[in-house]
Amino acid sequence: MMTNLFSVFDPSSSIFNLSINWMSTFLGLLLIPSIYWLLPSRYNIFWNKILFTLHNEFKTLLGVTGHNGSTFIFISLFSMILFNNFMGLFPYIFTSTSHLVLTLTLALPLWLCFMMYGWINHTQHMFAHLVPQGTPAVLMPFMVCIETISNIIRPGTLAVRLTANMIAGHLLLTLLGNTGPSLSSILITFLLITQIALLVLESAVAMIQSYVFAVLSTLYSSEVN
């Protein structure tokens, strides 16, 4: 009876004959925030530099009328889109940013919030935006229609731009990859070089598109203040 009772403490869990019970000893280290370590890692230093650069740039775009802390919304948006874009470059991982369901979910609520805030709190300023400065009186009705339409399609252009860029690159990589089995060994070498070059290009597109989405959202926000 006593042997069976204390047998629950035996280190019996294993994978491929390697004991994993003692891994619990090191789990506590994962709970310690990185700020308490002696030195931050190179990854943390690099990512913090990116965040500070984005913060300063978005703060400049928002201007003096921008609310304190509003840059963190757009930095978080940039980080989320960048992470999802990069995840889609790995095999067998679903690319969520290539679907309008996600991109419209990000763009439409942001645009609606900006419009509601602007029209409720700065109505005269929003009306002034509909007619560019120096427009002749004859063209004013047409300019109002054009500016209104361009304002309404903003969330759609934000969402479609991100989705289309993600789809285009992935489709090209897939189409070129599917031709591999039917090619000779010499052509496969050129195909691999092309695929690697396209993968590097897609990595750049993943960063650029997340940056463009965040910057345009920031510009739309700055217009309503």
# chains A, B, ... in the order shown; residues from 1 in each chain; ligands from 1
>>> residues_around(residues="region 81-92 of chain A", least_positions_apart="2", cutoff="10 Å", atoms="only C-alpha atoms", output="PyMOL selection string")
chain A and resi 76-79+94-98+102-103+106+162+166+169-170+173+199+202-211+213-214
>>> select_by_dssp(residues="chain A", states="alpha helix (DSSP H)", output="VMD selection string")
chain A and resid 2 to 6 27 to 30 42 to 62 71 to 87 100 to 121 123 to 129 140 to 152 154 to 178 185 to 223
>>> atom_distance(atom1="CA of Leu100 (chain A)", atom2="CA of Leu216 (chain A)")
17.5 Å
>>> residues_around(residues="Ser217 (chain A)", least_positions_apart="4", cutoff="9 Å", atoms="only C-alpha atoms", output="list in words")
Phe74, Ala107, Leu110, Trp111, Leu158, Val212, Phe213, Ser221 and Ser222 of chain A
>>> write_last_selection(atoms="N, CA and C atoms", output="PDB file, in the first residue's frame")
ATOM      1  N   PHE A  74      -1.540  51.600 -33.595  1.00  0.00           N
ATOM      2  CA  PHE A  74      -1.019  51.347 -34.936  1.00  0.00           C
ATOM      3  C   PHE A  74       0.246  50.479 -34.893  1.00  0.00           C
ATOM      4  N   ALA A 107      -9.669  46.825 -41.090  1.00  0.00           N
ATOM      5  CA  ALA A 107      -9.771  48.150 -41.708  1.00  0.00           C
ATOM      6  C   ALA A 107     -11.103  48.834 -41.441  1.00  0.00           C
ATOM      7  N   LEU A 110     -11.744  50.378 -37.818  1.00  0.00           N
ATOM      8  CA  LEU A 110     -10.860  51.540 -37.638  1.00  0.00           C
ATOM      9  C   LEU A 110     -11.415  52.749 -38.377  1.00  0.00           C
ATOM     10  N   TRP A 111     -11.765  52.554 -39.653  1.00  0.00           N
ATOM     11  CA  TRP A 111     -12.286  53.660 -40.462  1.00  0.00           C
ATOM     12  C   TRP A 111     -13.601  54.193 -39.888  1.00  0.00           C
ATOM     13  N   LEU A 158      -7.716  49.583 -48.366  1.00  0.00           N
ATOM     14  CA  LEU A 158      -6.770  49.073 -47.360  1.00  0.00           C
ATOM     15  C   LEU A 158      -6.792  47.548 -47.324  1.00  0.00           C
ATOM     16  N   VAL A 212       2.666  49.705 -44.692  1.00  0.00           N
ATOM     17  CA  VAL A 212       1.746  50.547 -45.464  1.00  0.00           C
ATOM     18  C   VAL A 212       0.376  50.587 -44.796  1.00  0.00           C
ATOM     19  N   PHE A 213      -0.111  49.434 -44.348  1.00  0.00           N
ATOM     20  CA  PHE A 213      -1.421  49.371 -43.689  1.00  0.00           C
ATOM     21  C   PHE A 213      -1.436  50.246 -42.441  1.00  0.00           C
ATOM     22  N   SER A 221      -6.343  58.594 -39.481  1.00  0.00           N
ATOM     23  CA  SER A 221      -6.649  59.064 -38.128  1.00  0.00           C
ATOM     24  C   SER A 221      -6.277  60.530 -37.946  1.00  0.00           C
ATOM     25  N   SER A 222      -5.150  60.944 -38.548  1.00  0.00           N
ATOM     26  CA  SER A 222      -4.698  62.326 -38.375  1.00  0.00           C
ATOM     27  C   SER A 222      -5.602  63.322 -39.093  1.00  0.00           C
TER      28      SER A 222
END
>>> closest_residue(among="A:Gly118, A:Ala128, A:Ile193, A:Leu30", to="Met143 (chain A)", atoms="only C-alpha atoms")
A:Ala128
>>> closest_residue(among="A:Phe142, A:Leu27, A:Asn225, A:Ser182", to="Met116 (chain A)", atoms="only C-alpha atoms")
A:Asn225
>>> residues_around(residues="Leu172 (chain A)", least_positions_apart="4", cutoff="10 Å", atoms="only C-alpha atoms", output="list of chain:residue names")
A:Ile167, A:Ala168, A:Leu176, A:Gly177, A:Gln195, A:Leu198
